[in-house]
file my_file37.cif (mmCIF, C-alpha atoms)
data_start
#
loop_
_atom_site.label_atom_id
_atom_site.label_comp_id
_atom_site.auth_asym_id
_atom_site.auth_seq_id
_atom_site.Cartn_x
_atom_site.Cartn_y
_atom_site.Cartn_z
CA MET A 20 22.33 14.55 21.20
CA GLY A 21 23.71 11.12 20.33
CA THR A 22 20.39 9.83 19.08
CA ASP A 23 19.85 12.94 17.00
CA THR A 24 23.13 12.30 15.27
CA VAL A 25 22.06 8.76 14.41
CA ARG A 26 18.70 9.90 13.07
CA THR A 27 19.88 12.78 10.91
CA PRO A 28 21.92 11.43 8.00
CA PRO A 29 25.16 13.34 8.46
CA ALA A 30 27.95 11.52 6.71
CA ASP A 31 27.00 11.31 3.08
CA GLY A 32 26.84 14.99 2.20
CA ALA A 33 24.00 16.89 0.55
CA ALA A 34 24.81 15.73 -2.99
CA GLU A 35 24.99 12.07 -2.00
CA LEU A 36 21.73 12.32 -0.05
CA LYS A 37 20.00 13.88 -3.06
CA ARG A 38 21.28 11.04 -5.22
CA GLN A 39 19.94 8.45 -2.78
CA GLN A 40 16.61 10.28 -2.51
CA ARG A 41 16.19 10.24 -6.29
CA GLY A 42 16.98 6.54 -6.35
CA TRP A 43 14.53 5.97 -3.49
CA TYR A 44 11.74 7.70 -5.43
CA PHE A 45 12.20 5.19 -8.24
CA TYR A 46 11.13 2.23 -6.14
CA ASP A 47 7.71 3.87 -5.84
CA TRP A 48 7.89 4.38 -9.61
CA ALA A 49 8.70 0.66 -10.05
CA CYS A 50 6.22 -1.04 -7.72
CA SER A 51 3.21 1.28 -7.80
CA VAL A 52 2.27 -0.10 -11.22
CA TYR A 53 1.54 -3.41 -9.48
CA SER A 54 -0.74 -1.70 -6.97
CA THR A 55 -2.53 0.25 -9.70
CA SER A 56 -2.77 -1.98 -12.77
CA VAL A 57 -2.88 -5.34 -11.00
CA LEU A 58 -4.46 -4.96 -7.58
CA THR A 59 -6.74 -2.00 -8.23
CA VAL A 60 -7.83 -2.31 -11.88
CA PHE A 61 -7.42 -5.63 -13.62
CA LEU A 62 -6.97 -8.53 -11.24
CA GLY A 63 -10.13 -8.09 -9.12
CA PRO A 64 -12.68 -8.22 -11.95
CA TYR A 65 -10.61 -10.69 -14.01
CA LEU A 66 -9.94 -13.15 -11.19
CA THR A 67 -13.60 -12.88 -10.21
CA SER A 68 -14.62 -13.80 -13.76
CA VAL A 69 -12.17 -16.73 -13.79
CA ALA A 70 -13.59 -17.93 -10.46
CA GLU A 71 -17.15 -17.57 -11.81
CA SER A 72 -16.26 -19.72 -14.83
CA ALA A 73 -15.11 -22.45 -12.42
CA ALA A 74 -18.11 -22.06 -10.07
CA ASP A 75 -20.85 -24.63 -9.56
CA ALA A 76 -24.52 -24.05 -10.34
CA ASP A 77 -24.98 -22.13 -7.09
CA GLY A 78 -22.11 -19.73 -7.83
CA TYR A 79 -19.57 -21.27 -5.45
CA VAL A 80 -16.00 -22.47 -5.94
CA HIS A 81 -14.43 -24.97 -3.55
CA PRO A 82 -10.71 -24.27 -2.82
CA LEU A 83 -9.48 -27.03 -0.48
CA GLY A 84 -13.09 -28.20 -0.25
CA ILE A 85 -14.28 -24.91 1.33
CA PRO A 86 -17.41 -23.40 -0.29
CA VAL A 87 -16.65 -19.80 -1.32
CA ARG A 88 -18.92 -17.54 -3.34
CA ALA A 89 -17.01 -16.74 -6.54
CA GLY A 90 -17.58 -13.02 -6.03
CA SER A 91 -15.77 -13.18 -2.67
CA PHE A 92 -12.72 -15.21 -3.82
CA PHE A 93 -10.58 -12.18 -4.72
CA ALA A 94 -11.26 -10.44 -1.39
CA TYR A 95 -10.43 -13.61 0.56
CA SER A 96 -7.19 -14.04 -1.44
CA VAL A 97 -6.13 -10.50 -0.54
CA SER A 98 -6.83 -11.25 3.13
CA LEU A 99 -4.76 -14.44 3.04
CA SER A 100 -1.86 -12.69 1.31
CA VAL A 101 -1.53 -10.10 4.03
CA ILE A 102 -1.76 -12.71 6.79
CA VAL A 103 1.24 -14.42 5.15
CA ALA A 104 3.04 -11.06 5.13
CA VAL A 105 2.40 -10.62 8.86
CA LEU A 106 4.42 -13.77 9.57
CA VAL A 107 7.34 -12.81 7.32
CA MET A 108 7.84 -9.06 7.82
CA PRO A 109 9.04 -8.99 11.46
CA VAL A 110 11.70 -11.61 10.72
CA VAL A 111 12.98 -9.77 7.64
CA GLY A 112 12.80 -6.36 9.34
CA ALA A 113 14.80 -7.49 12.36
CA ALA A 114 17.37 -9.19 10.12
CA ALA A 115 17.75 -5.97 8.09
CA ASP A 116 18.40 -3.87 11.21
CA ARG A 117 20.77 -6.34 12.84
CA THR A 118 22.86 -7.03 9.76
CA GLY A 119 22.48 -3.70 7.95
CA ARG A 120 21.88 -5.65 4.72
CA LYS A 121 18.66 -4.05 3.53
CA LYS A 122 19.44 -4.03 -0.18
CA PRO A 123 19.80 -7.81 -0.72
CA LEU A 124 16.57 -8.39 1.18
CA LEU A 125 14.81 -5.64 -0.79
CA ALA A 126 16.04 -7.16 -4.04
CA ALA A 127 14.83 -10.65 -3.09
CA ALA A 128 11.36 -9.44 -2.12
CA ALA A 129 11.00 -7.16 -5.13
CA TYR A 130 11.99 -9.78 -7.68
CA LEU A 131 9.87 -12.50 -6.07
CA GLY A 132 6.86 -10.19 -6.36
CA ALA A 133 7.76 -9.12 -9.89
CA THR A 134 8.14 -12.75 -11.01
CA ALA A 135 4.77 -13.77 -9.54
CA THR A 136 3.12 -10.79 -11.22
CA THR A 137 4.69 -11.58 -14.59
CA ALA A 138 3.45 -15.17 -14.25
CA MET A 139 -0.13 -13.88 -14.15
CA PHE A 140 0.06 -14.01 -17.94
CA PHE A 141 -0.78 -17.73 -17.56
CA LEU A 142 -4.01 -17.02 -15.64
CA ASP A 143 -6.74 -18.07 -18.07
CA GLY A 144 -9.70 -20.40 -18.39
CA ASP A 145 -10.83 -21.57 -14.96
CA ARG A 146 -7.43 -21.39 -13.22
CA TYR A 147 -8.71 -19.41 -10.28
CA LEU A 148 -6.46 -21.29 -7.84
CA LEU A 149 -3.38 -20.26 -9.83
CA GLY A 150 -4.60 -16.67 -9.73
CA GLY A 151 -5.15 -16.82 -5.99
CA ALA A 152 -1.70 -18.34 -5.38
CA LEU A 153 0.10 -15.75 -7.54
CA LEU A 154 -1.81 -12.94 -5.84
CA ILE A 155 -0.81 -14.23 -2.40
CA VAL A 156 2.89 -14.43 -3.36
CA ALA A 157 2.98 -11.08 -5.16
CA ASN A 158 1.07 -9.17 -2.50
CA ALA A 159 3.07 -10.62 0.40
CA ALA A 160 6.36 -9.90 -1.41
CA GLN A 161 5.20 -6.36 -2.14
CA SER A 162 4.49 -5.83 1.57
CA VAL A 163 7.95 -7.07 2.60
CA ALA A 164 9.66 -4.96 -0.06
CA MET A 165 7.73 -1.83 0.90
CA MET A 166 8.66 -2.32 4.55
CA LEU A 167 12.35 -2.33 3.63
CA TYR A 168 11.93 0.57 1.21
CA ASN A 169 10.12 2.71 3.81
CA SER A 170 12.81 2.02 6.40
CA TYR A 171 15.32 3.95 4.27
CA LEU A 172 13.40 7.23 4.81
CA PRO A 173 15.08 8.19 8.14
CA GLN A 174 18.44 7.30 6.59
CA ILE A 175 18.14 9.48 3.48
CA ALA A 176 16.23 12.53 4.78
CA PRO A 177 16.70 14.72 7.87
CA PRO A 178 13.55 15.36 9.95
CA GLU A 179 12.60 18.67 8.34
CA GLN A 180 12.66 17.13 4.83
CA ARG A 181 10.71 13.92 5.43
CA ASP A 182 7.19 15.14 4.64
CA ALA A 183 8.42 16.51 1.31
CA VAL A 184 10.57 13.48 0.44
CA SER A 185 7.80 11.02 1.35
CA SER A 186 5.24 13.01 -0.67
CA ARG A 187 7.51 13.10 -3.71
CA GLY A 188 7.93 9.33 -3.49
CA TRP A 189 4.17 8.81 -3.57
CA ALA A 190 3.88 11.33 -6.42
CA PHE A 191 6.46 9.35 -8.44
CA GLY A 192 4.44 6.19 -7.84
CA TYR A 193 1.17 7.71 -8.96
CA ALA A 194 2.83 9.25 -12.01
CA ALA A 195 4.10 5.80 -13.06
CA GLY A 196 0.67 4.31 -12.44
CA SER A 197 -0.89 6.97 -14.65
CA LEU A 198 1.60 6.41 -17.47
CA VAL A 199 1.19 2.65 -17.54
CA LEU A 200 -2.60 2.87 -17.23
CA VAL A 201 -2.70 5.00 -20.38
CA VAL A 202 -0.83 2.23 -22.23
CA ASN A 203 -3.10 -0.39 -20.65
CA LEU A 204 -6.17 1.56 -21.74
CA VAL A 205 -4.95 1.73 -25.34
CA LEU A 206 -4.18 -2.00 -25.38
CA TYR A 207 -7.41 -3.05 -23.67
CA THR A 208 -9.82 -0.88 -25.63
CA GLY A 209 -8.09 -1.63 -28.94
CA HIS A 210 -7.41 -5.32 -28.37
CA ASP A 211 -9.31 -6.32 -31.52
CA SER A 212 -7.17 -4.07 -33.69
CA PHE A 213 -4.07 -5.66 -32.16
CA GLY A 214 -5.41 -9.14 -32.95
CA LEU A 215 -5.86 -9.99 -29.27
CA SER A 216 -8.78 -11.36 -27.30
CA GLU A 217 -10.00 -9.37 -24.30
CA SER A 218 -8.62 -12.05 -21.95
CA THR A 219 -5.20 -11.98 -23.61
CA ALA A 220 -5.07 -8.17 -23.43
CA VAL A 221 -5.81 -8.28 -19.69
CA ARG A 222 -3.15 -10.94 -19.12
CA ILE A 223 -0.58 -8.85 -21.01
CA CYS A 224 -1.44 -5.85 -18.82
CA LEU A 225 -0.98 -7.96 -15.69
CA ALA A 226 2.35 -9.40 -16.81
CA SER A 227 3.70 -6.04 -18.01
CA ALA A 228 3.32 -4.68 -14.48
CA GLY A 229 5.69 -7.39 -13.25
CA LEU A 230 8.24 -6.60 -15.98
CA TRP A 231 8.03 -2.87 -15.18
CA TRP A 232 8.49 -3.59 -11.46
CA GLY A 233 11.58 -5.72 -12.05
CA ALA A 234 13.18 -3.33 -14.56
CA PHE A 235 12.90 -0.09 -12.56
CA ALA A 236 13.75 -1.71 -9.22
CA LEU A 237 17.33 -1.74 -10.50
CA ILE A 238 17.62 2.05 -10.01
CA PRO A 239 17.08 2.19 -6.23
CA LEU A 240 19.11 -0.99 -5.79
CA THR A 241 21.99 0.81 -7.51
CA ARG A 242 21.74 4.13 -5.67
CA LEU A 243 20.72 3.31 -2.10
CA ARG A 244 23.49 2.56 0.37
CA ASP A 245 23.49 0.05 3.19
CA ARG A 246 24.96 0.92 6.57
CA ARG A 247 26.27 -2.33 7.98
CA SER A 248 25.72 -3.11 11.64
CA ALA A 249 28.85 -3.19 13.75
CA ALA A 250 27.68 -6.30 15.61
CA PRO A 251 25.12 -8.26 13.59
CA GLU A 252 22.84 -10.59 15.52
CA ALA A 253 20.68 -13.44 14.35
CA ALA A 254 16.99 -12.72 13.85
CA LEU A 255 14.53 -14.77 15.85
CA PRO A 256 12.29 -17.20 13.99
CA GLY A 257 8.63 -16.63 13.12
CA PHE A 258 6.27 -15.73 15.93
CA ARG A 259 9.16 -15.23 18.40
CA GLN A 260 10.43 -12.29 16.36
CA LEU A 261 6.93 -10.85 16.06
CA ALA A 262 6.50 -11.14 19.84
CA ALA A 263 9.92 -9.54 20.45
CA THR A 264 9.04 -6.60 18.17
CA VAL A 265 5.72 -6.08 19.95
CA ARG A 266 7.42 -6.22 23.37
CA ASP A 267 9.93 -3.58 22.29
CA MET A 268 7.16 -1.38 20.92
CA ARG A 269 5.36 -1.52 24.27
CA ARG A 270 8.27 0.55 25.61
CA HIS A 271 7.00 3.32 23.31
CA PRO A 272 3.24 3.36 23.93
CA LEU A 273 2.61 6.56 21.98
CA THR A 274 4.25 5.09 18.88
CA LEU A 275 2.04 2.06 19.37
CA ALA A 276 -1.01 4.33 19.74
CA PHE A 277 -0.24 5.96 16.38
CA LEU A 278 0.14 2.53 14.77
CA LEU A 279 -3.24 1.46 16.15
CA ALA A 280 -4.90 4.53 14.64
CA TYR A 281 -3.10 3.97 11.33
CA LEU A 282 -4.02 0.28 11.36
CA VAL A 283 -7.70 1.18 11.54
CA TYR A 284 -8.01 4.00 9.01
CA ASN A 285 -5.52 2.52 6.55
CA ASP A 286 -7.41 -0.78 6.59
CA GLY A 287 -10.29 1.19 5.11
CA ILE A 288 -8.04 2.88 2.54
CA GLN A 289 -6.48 -0.38 1.37
CA THR A 290 -9.87 -2.08 1.07
CA VAL A 291 -11.28 0.77 -1.03
CA ILE A 292 -8.21 0.56 -3.29
CA SER A 293 -8.47 -3.21 -3.78
CA GLN A 294 -12.27 -3.48 -4.06
CA ALA A 295 -13.26 -0.30 -5.94
CA SER A 296 -13.06 -1.89 -9.38
CA VAL A 297 -15.12 -4.88 -8.22
CA TYR A 298 -17.75 -2.47 -6.86
CA GLY A 299 -17.78 -0.53 -10.12
CA SER A 300 -18.08 -3.58 -12.36
CA GLU A 301 -20.38 -5.82 -10.31
CA GLU A 302 -22.68 -3.32 -8.53
CA LEU A 303 -22.67 -0.31 -10.85
CA GLY A 304 -22.45 -2.28 -14.10
CA LEU A 305 -19.57 -0.24 -15.49
CA GLY A 306 -17.32 -1.54 -18.25
CA GLN A 307 -13.61 -2.19 -17.90
CA SER A 308 -12.73 0.86 -20.01
CA THR A 309 -14.71 3.11 -17.66
CA LEU A 310 -12.99 1.56 -14.65
CA ILE A 311 -9.55 2.08 -16.18
CA GLY A 312 -10.40 5.70 -16.98
CA ALA A 313 -11.61 6.32 -13.42
CA ILE A 314 -8.50 4.76 -11.88
CA LEU A 315 -6.37 6.82 -14.28
CA LEU A 316 -8.11 9.94 -12.98
CA VAL A 317 -7.31 8.81 -9.43
CA GLN A 318 -3.64 8.42 -10.33
CA VAL A 319 -3.35 11.82 -12.02
CA LEU A 320 -5.09 13.68 -9.19
CA ALA A 321 -3.16 11.71 -6.56
CA VAL A 322 0.11 13.20 -7.84
CA ALA A 323 -1.22 16.71 -7.28
CA GLY A 324 -2.95 15.65 -4.05
CA ALA A 325 0.22 14.18 -2.53
CA LEU A 326 2.29 17.27 -3.33
CA THR A 327 -0.47 19.66 -2.18
CA MET A 328 -1.01 17.84 1.11
CA GLY A 329 2.76 17.86 1.63
CA ARG A 330 2.65 21.67 1.37
CA LEU A 331 -0.39 21.83 3.67
CA ALA A 332 1.57 19.83 6.24
CA ARG A 333 4.25 22.53 6.29
CA THR A 334 1.56 25.04 7.35
CA TYR A 335 -0.83 23.01 9.50
CA GLY A 336 1.31 20.02 10.49
CA ALA A 337 1.13 16.42 9.31
CA LYS A 338 -1.31 15.28 12.00
CA ARG A 339 -3.96 17.93 11.27
CA THR A 340 -3.62 17.39 7.53
CA ILE A 341 -4.12 13.63 7.93
CA LEU A 342 -7.17 14.20 10.13
CA GLY A 343 -8.66 16.44 7.45
CA SER A 344 -8.08 13.74 4.85
CA LEU A 345 -9.94 11.19 7.00
CA ILE A 346 -13.00 13.45 7.06
CA ALA A 347 -12.81 13.65 3.26
CA TRP A 348 -12.48 9.83 3.02
CA THR A 349 -15.60 9.36 5.18
CA LEU A 350 -17.72 11.74 3.10
CA THR A 351 -16.48 10.30 -0.19
CA LEU A 352 -17.13 6.70 0.79
CA ALA A 353 -20.59 7.51 2.15
CA ALA A 354 -21.41 9.21 -1.16
CA GLY A 355 -20.28 6.08 -2.99
CA TYR A 356 -23.14 4.12 -1.43
CA PHE A 357 -25.67 6.26 -3.30
CA LEU A 358 -24.04 6.16 -6.75
CA PRO A 359 -26.59 5.20 -9.42
CA ALA A 360 -25.85 2.13 -11.52
CA GLY A 361 -24.82 2.67 -15.12
CA ALA A 362 -23.82 6.33 -14.54
CA PRO A 363 -20.07 6.64 -15.18
CA VAL A 364 -20.03 10.43 -14.64
CA TRP A 365 -20.79 10.06 -10.93
CA PHE A 366 -18.24 7.29 -10.61
CA PHE A 367 -15.66 9.70 -12.05
CA VAL A 368 -16.69 12.33 -9.48
CA LEU A 369 -16.15 9.76 -6.73
CA ALA A 370 -12.77 8.81 -8.23
CA ALA A 371 -11.72 12.47 -8.21
CA GLY A 372 -12.53 12.75 -4.51
CA ILE A 373 -10.50 9.62 -3.75
CA GLY A 374 -7.55 10.79 -5.83
CA LEU A 375 -7.24 14.14 -4.08
CA VAL A 376 -6.79 12.57 -0.63
CA LEU A 377 -5.27 9.15 -1.41
CA GLY A 378 -1.60 9.96 -1.93
CA GLY A 379 -1.34 12.65 0.72
CA SER A 380 -2.91 10.64 3.53
CA GLN A 381 -0.52 7.76 2.86
CA ALA A 382 2.61 9.88 2.30
CA LEU A 383 2.13 11.97 5.44
CA SER A 384 1.36 8.91 7.55
CA ARG A 385 4.66 7.38 6.44
CA SER A 386 6.71 10.50 7.17
CA LEU A 387 4.97 11.08 10.52
CA PHE A 388 5.73 7.52 11.61
CA SER A 389 9.40 7.92 10.66
CA HIS A 390 9.70 10.47 13.49
CA LEU A 391 8.28 7.96 16.01
CA VAL A 392 10.83 5.18 15.37
CA PRO A 393 13.62 4.73 17.96
CA PRO A 394 17.15 4.98 16.48
CA GLY A 395 18.50 1.72 15.07
CA LYS A 396 15.05 0.10 14.85
CA GLU A 397 13.99 1.44 11.45
CA ALA A 398 13.32 -1.78 9.50
CA GLU A 399 11.94 -3.64 12.52
CA TYR A 400 9.46 -0.86 13.34
CA PHE A 401 8.57 -0.32 9.70
CA SER A 402 7.70 -4.03 9.58
CA ALA A 403 5.04 -3.23 12.19
CA TYR A 404 4.04 -0.18 10.14
CA GLU A 405 3.75 -2.29 7.01
CA MET A 406 1.54 -4.72 8.93
CA SER A 407 -0.72 -1.76 9.53
CA ASP A 408 -0.32 -0.66 5.90
CA ARG A 409 -0.80 -3.99 4.16
CA GLY A 410 -0.05 -6.77 6.58
CA MET A 411 -2.94 -6.05 8.94
CA SER A 412 -5.29 -4.91 6.18
CA TRP A 413 -7.05 -8.25 6.14
CA LEU A 414 -10.04 -7.18 8.19
CA GLY A 415 -11.39 -4.72 5.61
CA PRO A 416 -11.36 -7.17 2.67
CA LEU A 417 -12.70 -9.87 4.97
CA LEU A 418 -15.53 -7.62 6.14
CA PHE A 419 -16.21 -6.57 2.55
CA GLY A 420 -16.31 -10.20 1.39
CA LEU A 421 -18.43 -11.40 4.31
CA THR A 422 -20.90 -8.54 3.93
CA TYR A 423 -21.36 -9.39 0.27
CA GLN A 424 -21.61 -13.11 1.02
CA LEU A 425 -24.33 -12.49 3.63
CA THR A 426 -26.30 -9.78 1.82
CA GLY A 427 -25.48 -10.26 -1.86
CA SER A 428 -25.08 -6.44 -2.10
CA TYR A 429 -21.85 -4.64 -2.90
CA ARG A 430 -23.47 -1.40 -1.68
CA ASP A 431 -23.79 -2.85 1.80
CA ALA A 432 -20.20 -4.08 1.51
CA ILE A 433 -18.85 -0.63 0.59
CA ILE A 434 -20.76 1.25 3.32
CA SER A 435 -19.48 -1.20 5.92
CA LEU A 436 -16.03 0.42 5.50
CA VAL A 437 -17.03 3.88 6.78
CA GLY A 438 -16.42 2.83 10.38
CA PHE A 439 -12.69 2.36 9.70
CA PHE A 440 -12.28 6.07 8.94
CA VAL A 441 -14.45 7.31 11.81
CA ILE A 442 -12.70 5.16 14.42
CA GLY A 443 -9.26 5.89 12.93
CA PHE A 444 -9.93 9.64 13.18
CA ALA A 445 -10.89 9.35 16.84
CA LEU A 446 -7.79 7.31 17.69
CA LEU A 447 -5.34 9.56 15.81
CA ALA A 448 -6.80 12.72 17.36
CA ARG A 449 -5.84 11.39 20.81
CA VAL A 450 -2.13 10.84 19.98
CA PRO A 451 0.20 13.64 21.29
CA VAL A 452 2.70 13.42 18.44
CA ARG A 453 5.24 15.91 19.83
CA ARG A 454 5.57 13.96 23.05
CA ALA A 455 5.67 10.71 21.05
CA ILE A 456 8.63 11.98 19.02
CA GLU A 457 10.48 13.09 22.15
CA GLU A 458 9.91 9.77 23.89
CA ALA A 459 11.26 7.94 20.83
CA GLY A 460 14.50 9.90 21.26
CA ASN A 461 14.24 12.00 18.10
CA PRO A 462 14.38 15.76 17.39
CA VAL A 463 10.95 17.41 17.07
CA PRO A 464 10.42 19.40 13.83
CA ASP A 465 9.05 22.95 14.14
CA ARG A 466 5.78 21.92 12.49
CA ILE A 467 4.41 18.41 13.05
#
call {"tool": "encode", "arguments": {"input": "my_file37.cif", "output": "structure tokens"}}
result
Amino acid sequence: MGTDTVRTPPADGAAELKRQQRGWYFYDWACSVYSTSVLTVFLGPYLTSVAESAADADGYVHPLGIPVRAGSFFAYSVSLSVIVAVLVMPVVGAAADRTGRKKPLLAAAAYLGATATTAMFFLDGDRYLLGGALLIVANAAQSVAMMLYNSYLPQIAPPEQRDAVSSRGWAFGYAAGSLVLVVNLVLYTGHDSFGLSESTAVRICLASAGLWWGAFALIPLTRLRDRRSAAPEAALPGFRQLAATVRDMRRHPLTLAFLLAYLVYNDGIQTVISQASVYGSEELGLGQSTLIGAILLVQVLAVAGALTMGRLARTYGAKRTILGSLIAWTLTLAAGYFLPAGAPVWFFVLAAGIGLVLGGSQALSRSLFSHLVPPGKEAEYFSAYEMSDRGMSWLGPLLFGLTYQLTGSYRDAIISLVGFFVIGFALLARVPVRRAIEEAGNPVPDRI
């Protein structure tokens, strides 16, 4: 019973918990604009065009003397950013658990990422190396901040509320992404009437995401409460902390089995998110306005999808609902291979399919994992989760980039991602989640 008491937030009272939950939702509202406007819509095609303007006659750029096809530079930068995050997250997560000082660490990561994103305003001409560096900093900081943000979920919501609270957080994020994308679409499509070049309009959209992130991050930082550790310990450096976290997780093999499944299928999700606009622009020949409209459709439908899948989880359980979403991901991605070039209607149909499953599969994965974390290890274990979410999502972009580099076809690159969803489904289906929750020392909800 002692561990149950730790895991169910008892001391703050219902009103205080509601206040913290509302503040928690607003970090999704703050940072999701980066994921949507920067990573998904604008930066991929724009950084690719900047790299192409700096390329040699054969279409290659040479960062640090390494020949890289300009069309692969963005994907490689994403991969490098998440490798950096892998090295940082276990150290920060362990420090957060041992000191109880999550908020200062969350603030540092959030504002580092917001500053790097705002600085993307200066990405013009052939400054592809500047773009790559800012992307690496912003994406790694986003991963660290999300790890800390996610680790608050067991603290602010009792077990029976977590699916709903997690789904609302994702819905807030997609709602913010939709709102800002509408403004971006107006600015981008009407840049001439505003007296702006297309490049300047894109750079303003990139920078505004950083300003939005920094401004709204103040709300959760004001409302969330830290619970200080009674006996803080020093975090281990670098790889030693990563090794210590992995050793501790080996004591909970079923939690580790869930993370392995999530690592695989979420790698596919993250790669689709980051490379979809490149696929649309380079392979299908669609304009930036069409891409923005399609991503806006994804955001709008993802709000409804996250809330709907949260309700489905109350009936069928989170695990079954996630498995259903992976089947939908597989069919949607396979259909994307056959999309005709220059046909925006079919791209919008594909975007609708993605939107309906995107938010729910991510929200339910987060809430399901929160039940598998041993008491007192929230930030440290969520650092491992975030490695699976973003930190280990280097293989998908790397495979995407290598497939394009070897074949010159973005269609081959996109179909190469189907295996992530098929294998992830098989691995998740084998995890006995009820037993995993019990072995972690947590109460088992009626429906899981």
call {"tool": "closest_atom_pairs", "arguments": {"input": "my_file37.cif", "of": "segment 74-150 of chain A", "to": "segment 421-427 of chain A", "cutoff": "10 Å", "atoms": "all atoms listed in the file", "output": "CSV"}}
result
residue,atom,partner,partner_atom,distance
A:Val87,CA,A:Gln424,CA,8.7
A:Arg88,CA,A:Gln424,CA,6.8
A:Ala89,CA,A:Gln424,CA,9.6
A:Gly90,CA,A:Gln424,CA,8.1
A:Ser91,CA,A:Gln424,CA,6.9
A:Ala94,CA,A:Leu421,CA,9.2
A:Tyr95,CA,A:Leu421,CA,9.1
call {"tool": "resolve_selection", "arguments": {"input": "my_file37.cif", "expression": "the PyMOL selection byres ((chain A and resi 43) around 9)", "output": "ChimeraX atom specification"}}
result
/A:38-42,44-47,168,171-172,175,188,238-240,242-243
call {"tool": "atom_distance", "arguments": {"input": "my_file37.cif", "atom1": "atom CA of Arg120 of chain A", "atom2": "atom CA of Asn169 of chain A"}}
result
14.5 Å
call {"tool": "atom_distance", "arguments": {"input": "my_file37.cif", "atom1": "atom CA of Val317 of chain A", "atom2": "atom CA of Ser344 of chain A"}}
result
15.1 Å
call {"tool": "residues_around", "arguments": {"input": "my_file37.cif", "residues": "Asp75 of chain A", "least_positions_apart": "2", "cutoff": "12 Å", "atoms": "all atoms listed in the file", "output": "list in words"}}
result
Ala70, Glu71, Ser72, Ala73, Asp77, Gly78, Tyr79, Val80, His81, Pro86, Val87, Arg88, Ala89 and Asp145 of chain A
call {"tool": "residues_near_point", "arguments": {"input": "my_file37.cif", "point": "(-7.3, 5.4, 12.0)", "cutoff": "6 Å", "atoms": "only C-alpha atoms", "output": "ChimeraX atom specification"}}
result
/A:280-281,283-284,440,442-444,447
call {"tool": "closest_residue", "arguments": {"input": "my_file37.cif", "among": "A:Ala34, A:Ala262, A:Leu331, A:Ala220", "to": "Ala403 of chain A", "atoms": "all atoms listed in the file"}}
result
A:Ala262
call {"tool": "residues_around", "arguments": {"input": "my_file37.cif", "residues": "Ala370 of chain A", "least_positions_apart": "4", "cutoff": "10 Å", "atoms": "only C-alpha atoms", "output": "ChimeraX atom specification"}}
result
/A:295,310,312-318,320,351,355,364-366,374-375
call {"tool": "resolve_selection", "arguments": {"input": "my_file37.cif", "expression": "the PyMOL selection byres ((chain A and resi 69) around 12)", "output": "number ranges by chain"}}
result
A: 62-68, 70-74, 78, 80, 89-90, 92-93, 142-151, 218, 222
call {"tool": "resolve_selection", "arguments": {"input": "my_file37.cif", "expression": "the PyMOL selection byres ((chain A and resi 206-209) around 9)", "output": "list in words"}}
result
Val201, Val202, Asn203, Leu204, Val205, His210, Asp211, Ser212, Phe213, Gly214, Leu215, Glu217, Ala220, Val221, Ile223, Cys224, Gln307 and Ser308 of chain A
call {"tool": "atom_distance", "arguments": {"input": "my_file37.cif", "atom1": "atom CA of Ser98 of chain A", "atom2": "atom CA of Leu225 of chain A"}}
result
20.0 Å
call {"tool": "residues_around", "arguments": {"input": "my_file37.cif", "residues": "Leu230 of chain A", "least_positions_apart": "2", "cutoff": "8 Å", "atoms": "only C-alpha atoms", "output": "ChimeraX atom specification"}}
result
/A:133-134,137,226-228,232-234
call {"tool": "residues_around", "arguments": {"input": "my_file37.cif", "residues": "Ala127 of chain A", "least_positions_apart": "4", "cutoff": "10 Å", "atoms": "only C-alpha atoms", "output": "number ranges by chain"}}
result
A: 122-123, 131-133, 160, 163-164
call {"tool": "write_last_selection", "arguments": {"input": "my_file37.cif", "atoms": "C-alpha atoms", "output": "mmCIF file, in the frame of the given file"}}
result
data_model
loop_
_atom_site.group_PDB
_atom_site.id
_atom_site.type_symbol
_atom_site.label_atom_id
_atom_site.label_comp_id
_atom_site.auth_asym_id
_atom_site.auth_seq_id
_atom_site.Cartn_x
_atom_site.Cartn_y
_atom_site.Cartn_z
ATOM 1 C CA LYS A 122 19.440 -4.030 -0.180
ATOM 2 C CA PRO A 123 19.800 -7.810 -0.720
ATOM 3 C CA LEU A 131 9.870 -12.500 -6.070
ATOM 4 C CA GLY A 132 6.860 -10.190 -6.360
ATOM 5 C CA ALA A 133 7.760 -9.120 -9.890
ATOM 6 C CA ALA A 160 6.360 -9.900 -1.410
ATOM 7 C CA VAL A 163 7.950 -7.070 2.600
ATOM 8 C CA ALA A 164 9.660 -4.960 -0.060
#
call {"tool": "closest_residue", "arguments": {"input": "my_file37.cif", "among": "A:Ile341, A:Val107, A:Leu279, A:Ala459", "to": "Lys396 of chain A", "atoms": "only C-alpha atoms"}}
result
A:Ala459
call {"tool": "closest_residue", "arguments": {"input": "my_file37.cif", "among": "A:Leu352, A:Ala455, A:Val291, A:Ala332", "to": "Gln180 of chain A", "atoms": "all atoms listed in the file"}}
result
A:Ala332
call {"tool": "closest_residue", "arguments": {"input": "my_file37.cif", "among": "A:Lys338, A:Lys37, A:Arg266, A:Arg117", "to": "Leu446 of chain A", "atoms": "only C-alpha atoms"}}
result
A:Lys338
call {"tool": "residues_around", "arguments": {"input": "my_file37.cif", "residues": "Leu418 of chain A", "least_positions_apart": "5", "cutoff": "9 Å", "atoms": "all atoms listed in the file", "output": "ChimeraX atom specification"}}
result
/A:413,423,432,435-436
call {"tool": "write_last_selection", "arguments": {"input": "my_file37.cif", "atoms": "C-alpha atoms", "output": "PDB file, keeping the file's coordinate frame"}}
result
ATOM      1  CA  TRP A 413      -7.050  -8.250   6.140  1.00  0.00           C
ATOM      2  CA  TYR A 423     -21.360  -9.390   0.270  1.00  0.00           C
ATOM      3  CA  ALA A 432     -20.200  -4.080   1.510  1.00  0.00           C
ATOM      4  CA  SER A 435     -19.480  -1.200   5.920  1.00  0.00           C
ATOM      5  CA  LEU A 436     -16.030   0.420   5.500  1.00  0.00           C
TER       6      LEU A 436
END
